[in-house]
Amino acid sequence: MIKQRLITLCRVLGMLLILEAGFMLLSLGVAIIYKGNDIVPLLISTIITLFVGLFLRIPVIGKDILQIDRKLGFLIVALIWLIMSIFGALPYFFGGYIPNYANAFFETMSGFTTTSATIIEDVEIIPKGILFWRSLTNWIGGIGIVVIVISFIPFIGGGGMALFSAEVNGPHKNKLSPHITTTAKIIISIYTSLTIIAALLLWIGGMTLFDAICHAFSTLSSGGFSTKNTSITLYSPLIQYLLIIFMIPSGINFPIMYYALKGRFKKIIVNEEFKAYIYIIIISTILIFLLVYNTHLGLEATFRHSLFQVVSIITSAGFVSMDYTNWGVSASLILFLLMFSGAMSGSTTGGLKIIRVLVLFKNAKNVIHQNLHKNAYLPLKFEKKVIDQRVINNVLGMFLLYLATFIVAVLLLVGVGVGFEEAVGGSISCLSNMGTGFGEIGAFGNYGELSWSAKAIFVSLMYVGRLELVTVFALFMPAFWKN
Amino acid sequence: MFKSRFLTVSRVLGMLLILEAGFMLLSVGVALIYNGNDVKPLLESSLITFLVGFILRVPIFKHQTINIDRRLGFLIVALIWIIMSLFGALPYYIGNYTSYTDAFFETMSGFTTTGASVIVDIEIMPKGLVFWRHLTNAIGGIGIVVIVISFIPFIGGGAMAMFSAEVAGPSKDKLSPHIRKTGGILLTIYVGLIALSSLWLWIAGMSLYDALCHSFASLASGGFSTMNKSAAAYSPLIQYLLILSMIPSGINFTLMYFVLKKQYRKVWRNEEIKVYFGIILIATIIITCLIYNSSTGLEIAFRNSLFQVVSVITSTGLVNTDFTLWVTPAIFLLFLLMFSGAMSGSTTGGLKIVRVILLFKIAKSIISKSVHAKAFIPVKFEKKVVQQSVLSNVFVVFMLFLITYIVGVLLFTALGIGFVEASGGAVSFLSNMGPGFGANGGFNNFASFPCAAKWIASAMMFLGRLELVTVFCLFMPSFWKQ
């Protein structure tokens, strides 16, 4: 039984490594075009990854019956990120661009989890093939999380992930299609088309083709890697607006985008999470605008930067159009709360997800109301359907788990010597797969100066945050492994 | 209907004001003993408070039967704190010792047993006034327990909902079937402990006056001190005795009664008290290790750690060292303890340990859910499954607490207060703790807070204390019956 599982595990991971090698090949192509010194490192990395992948898929013993059960499902989902990051770090490492392998691993994990916290001091001296690979890790990570979870829901039963609000509405609502493969294909097409359109528009808007493609990769995936050290601060207002336009969909649920394409707008209007998403963006932008506005900056610029930062943070992208650490404590607090919240479930963003925030608020309102009018038992309604009280408890549980993880992380970080501001900002940033931070880490999200132990904690947060905590934590419970 | 409600409210408030005037009179007595310049202000305040209280009780209209329903109950309880503080501020203001804003802050801080102060130098204040200040702590402490008990007959008889036993489900661990008698018992325990504490502090070297004042502050989880340096001004022996005085203020009154009656098994079964002492133990050990340095020695590190942990978890707020000078992890731990508070059914503020336990269990259930592939996992407390209504309540209190905290920090920072001061101050007020952080930390106070912030702080102290009572009321099963 264990042997069968192990074999299936290897075969699945092998397949993914081969896929990864394919993407590395693309980067190799780019390296060749630009004739950089990264051709050899990329070539070697591709070959190694390909070989290991092929090796894992050799039918060593017995038939290849794909028998994925719950335990295996969890294990696969958890291991995918680790394995992909271990090999994905090779191009940086072999080329000497990130001489320390641990740092290279950090950068890669940051890419795949679409966090985009970086340890690279000067991005602009890195050859184009590697930069392409870097932005690609964002892109792969973004679509990867969605596709992987969809594929594995039947086995791991949701695993606590609020995909397509499955946790709240039940796993059978809001499905794009009853067939997993069809659903996955639709999602991938939407994702890819948007990426292409974004790249085109950014290129027309003034970016070089290379930059346009790379930024398109990291925008649609809610990633945030930029080919510039200064992120988006030095780009034109037009480019900044374009990026806002494309960051917004990265926070939207894929079914909603599908309905938009099919013209089924009624389904969109009914969606509470979507409405809340838009409202939060509007209100936060207004608040920050009021806090930040000064005559020196001007009306348009203040509006643009407020909107940009709000959208960038709520979609956990992590792009920066202006150094927001100068905006004052109140603004930072609002941004901090946005980092915690995240955008819609079933999108590429991180964080708690708006649907959970909505359920928590509605329940709070409901319970208070119930207590004042003791005769009424008011069931909680979400999109006109009643939500089971126990579902609400589950949502509360997730929220508490996030909070607890955050608090423990901050405690550990200050324990290893990280400044308090950096610990708080960095923790929420990595847990929500955002990227940008506060204090020394700063708006540009540079974690390079931190100690090894601090980086280890941050990498773990990114990883655990992407898998919405439960998937990883469950693996550590002995009860999970018994039958 | 409205008229009779209005009358009922006035009558109750009037009675409490008369009571308050009485306590002020006690302070007049102290002022006379020490021959301060506060005799006149205290006397005048007492007179004014008495008169208003008396007027409110004059039966202008036909005497209506008291008809207190749930909402009226909420209203009365809320108004009590505000009215008592409005008048309790008079001695400071009339005597020109502070502005009215400061006076109200200090009084609200006293009644809510927070212990945050805006007075820069307490040692130059006359003794009668300071005695009044400490008395507000004592009144506030026992007040919270007595008020709820007094209101049970109006809101609905029966269950005692303020103890953790009731949280997990209806239980047989009631003190006494007669609510008034229970109130009497609790009052006796409280006064007894104050007397005991005053005795050992006095024997250990404090003046009788200081011993009394500090006992008021410790047993009520208040935290006012007669010295600017709080407990740091006293000897190690006295500090240990103060720790001894603070610990009971975090224990559920029912349990203390059971200990007196030697019903130890009931104490043994209680999950909350085990966690209470467990947290104190673990936090003290961790902090001792963090703050230990060889030049000052182990005893000081241990004493400072234990004192601060106990002071913070019981939301007392006495300070025996400037903990803002500690290493960051230690300060952060203290900060976290501020949210937790001690046992339910005690005088402390904060979330209360029973809720913290339940919240942990809810979080754990979400992991268990995935582990066992079940849709829902029930939450258990003391081996019984917790009712949904209880979980809902815990949830709402936690959410309200968090939201109020965040709004508080936002408001403070918008008023120009630094982030550290704002975050520390906000939790301190909401949990009715007392000490601040950053510039308000150590032996400092909140005098530097802008005027508007002081009013917000007063509101937060009030909310922190009130929410507690509201929760008690909401908890009672009889609350839901007609």
# chains A, B, ... in the order shown; residues from 1 in each chain; ligands from 1
>>> interface_residues(of="chain B", to="chain A", cutoff="6 Å", atoms="only C-alpha atoms", output="ChimeraX atom specification")
/B:329,362-363,366-367,370-371,396,410,413-414,480
>>> residues_around(residues="Gly141 of chain B", least_positions_apart="3", cutoff="12 Å", atoms="only C-alpha atoms", output="NGL selection string")
:B and (109-115 or 134-138 or 144-147 or 186-187 or 190-191 or 194 or 215-223 or 249-250 or 253 or 314-316 or 345-349 or 432 or 465)
>>> select_by_dssp(residues="segment 185-429 of chain A", states="strand (DSSP E or B)", output="VMD selection string")
chain A and resid 380 to 382 385 to 387
>>> atom_distance(atom1="atom CA of Gly223 of chain A", atom2="atom CA of Ser116 of chain A")
5.7 Å
>>> residues_around(residues="segment 109-114 of chain A", least_positions_apart="6", cutoff="7 Å", atoms="only C-alpha atoms", output="mmCIF file with N, CA and C atoms, in the first residue's frame")
data_model
loop_
_atom_site.group_PDB
_atom_site.id
_atom_site.type_symbol
_atom_site.label_atom_id
_atom_site.label_comp_id
_atom_site.auth_asym_id
_atom_site.auth_seq_id
_atom_site.Cartn_x
_atom_site.Cartn_y
_atom_site.Cartn_z
ATOM 1 N N SER A 85 10.334 24.193 -5.977
ATOM 2 C CA SER A 85 11.242 25.258 -5.551
ATOM 3 C C SER A 85 12.674 24.767 -5.468
ATOM 4 N N ARG A 134 12.391 34.019 -13.446
ATOM 5 C CA ARG A 134 11.895 34.572 -12.184
ATOM 6 C C ARG A 134 10.430 34.992 -12.300
ATOM 7 N N THR A 137 8.155 32.034 -12.668
ATOM 8 C CA THR A 137 7.792 31.308 -11.446
ATOM 9 C C THR A 137 6.536 31.927 -10.843
ATOM 10 N N ASN A 138 6.421 33.233 -10.931
ATOM 11 C CA ASN A 138 5.199 33.892 -10.483
ATOM 12 C C ASN A 138 4.000 33.349 -11.252
ATOM 13 N N ILE A 140 3.559 30.684 -13.129
ATOM 14 C CA ILE A 140 3.265 29.274 -12.893
ATOM 15 C C ILE A 140 2.592 29.097 -11.530
ATOM 16 N N GLY A 141 3.149 29.770 -10.535
ATOM 17 C CA GLY A 141 2.608 29.658 -9.188
ATOM 18 C C GLY A 141 1.166 30.108 -9.111
ATOM 19 N N GLY A 142 0.875 31.190 -9.800
ATOM 20 C CA GLY A 142 -0.465 31.742 -9.756
ATOM 21 C C GLY A 142 -1.500 30.773 -10.275
ATOM 22 N N SER A 221 -0.744 36.902 -11.932
ATOM 23 C CA SER A 221 -0.604 35.845 -10.930
ATOM 24 C C SER A 221 -0.657 36.400 -9.522
ATOM 25 N N SER A 222 -0.892 37.694 -9.373
ATOM 26 C CA SER A 222 -0.822 38.387 -8.076
ATOM 27 C C SER A 222 0.562 38.215 -7.477
ATOM 28 N N GLY A 223 1.559 38.085 -8.342
ATOM 29 C CA GLY A 223 2.908 37.837 -7.841
ATOM 30 C C GLY A 223 3.603 39.088 -7.371
ATOM 31 N N ASN A 433 1.103 36.112 1.124
ATOM 32 C CA ASN A 433 1.765 36.061 -0.177
ATOM 33 C C ASN A 433 1.746 37.402 -0.899
ATOM 34 N N MET A 462 5.414 31.863 3.822
ATOM 35 C CA MET A 462 4.934 31.963 2.435
ATOM 36 C C MET A 462 4.290 30.648 2.018
ATOM 37 N N TYR A 463 5.012 29.590 2.345
ATOM 38 C CA TYR A 463 4.599 28.249 1.945
ATOM 39 C C TYR A 463 3.277 27.884 2.605
ATOM 40 N N ARG A 466 0.269 30.000 1.367
ATOM 41 C CA ARG A 466 -0.240 29.634 0.051
ATOM 42 C C ARG A 466 -1.190 28.453 0.143
#
>>> residues_around(residues="segment 420-424 of chain B", least_positions_apart="2", cutoff="6 Å", atoms="only C-alpha atoms", output="number ranges by chain")
B: 409, 412, 418, 426-427, 436-438
>>> write_last_selection(atoms="N, CA and C atoms", output="short mmCIF file (atom, residue, chain, number, x, y, z; two decimals), in the first residue's frame")
data_model
loop_
_atom_site.label_atom_id
_atom_site.label_comp_id
_atom_site.auth_asym_id
_atom_site.auth_seq_id
_atom_site.Cartn_x
_atom_site.Cartn_y
_atom_site.Cartn_z
N VAL B 409 -6.81 51.95 17.79
CA VAL B 409 -5.45 52.25 17.34
C VAL B 409 -5.48 53.23 16.17
N PHE B 412 -6.25 56.71 17.48
CA PHE B 412 -5.11 57.27 18.21
C PHE B 412 -4.02 57.73 17.25
N GLY B 418 2.02 58.05 18.48
CA GLY B 418 2.91 57.10 17.84
C GLY B 418 2.31 55.69 17.83
N ALA B 426 -4.23 51.24 23.42
CA ALA B 426 -5.55 50.72 23.06
C ALA B 426 -5.88 49.43 23.80
N VAL B 427 -4.95 48.49 23.83
CA VAL B 427 -5.24 47.23 24.51
C VAL B 427 -5.30 47.44 26.02
N GLY B 436 1.11 51.77 29.97
CA GLY B 436 1.23 52.02 28.55
C GLY B 436 2.54 51.47 28.02
N PHE B 437 2.79 51.77 26.75
CA PHE B 437 4.04 51.36 26.13
C PHE B 437 4.71 52.59 25.55
N GLY B 438 5.94 52.42 25.14
CA GLY B 438 6.65 53.53 24.52
C GLY B 438 6.73 54.71 25.47
#
>>> residues_around(residues="Thr108 of chain A", least_positions_apart="5", cutoff="12 Å", atoms="only C-alpha atoms", output="ChimeraX atom specification")
/A:81-93,98,101-103,113-120,130-131,133-138,140-141,223,225,459,462-463
>>> atom_distance(atom1="atom CA of Thr226 of chain B", atom2="atom CA of Arg133 of chain B")
9.5 Å
>>> residues_around(residues="segment 188-201 of chain A", least_positions_apart="3", cutoff="8 Å", atoms="only C-alpha atoms", output="short mmCIF file (atom, residue, chain, number, x, y, z; two decimals) with C-alpha atoms, in the first residue's frame")
data_model
loop_
_atom_site.label_atom_id
_atom_site.label_comp_id
_atom_site.auth_asym_id
_atom_site.auth_seq_id
_atom_site.Cartn_x
_atom_site.Cartn_y
_atom_site.Cartn_z
CA ILE A 143 -2.28 29.39 -12.06
CA ALA A 184 -9.07 23.54 -15.53
CA LYS A 185 -8.85 24.21 -19.25
CA ILE A 204 1.99 49.60 -26.37
CA GLY A 205 1.92 51.71 -23.23
CA LEU A 209 8.47 43.87 -24.89
CA ALA A 212 5.87 43.96 -20.64
CA ILE A 213 5.80 40.17 -20.74
CA CYS A 214 7.53 39.80 -17.39
CA HIS A 215 5.23 42.26 -15.68
CA ALA A 216 2.21 40.64 -17.28
CA PHE A 217 3.34 37.32 -15.76
CA LEU A 220 -2.04 38.26 -13.46
CA LEU A 242 -2.72 49.77 -16.94
CA PHE A 246 -4.83 44.12 -14.78
CA MET A 257 -14.53 36.18 -15.01
CA TYR A 258 -16.03 33.32 -16.97
#
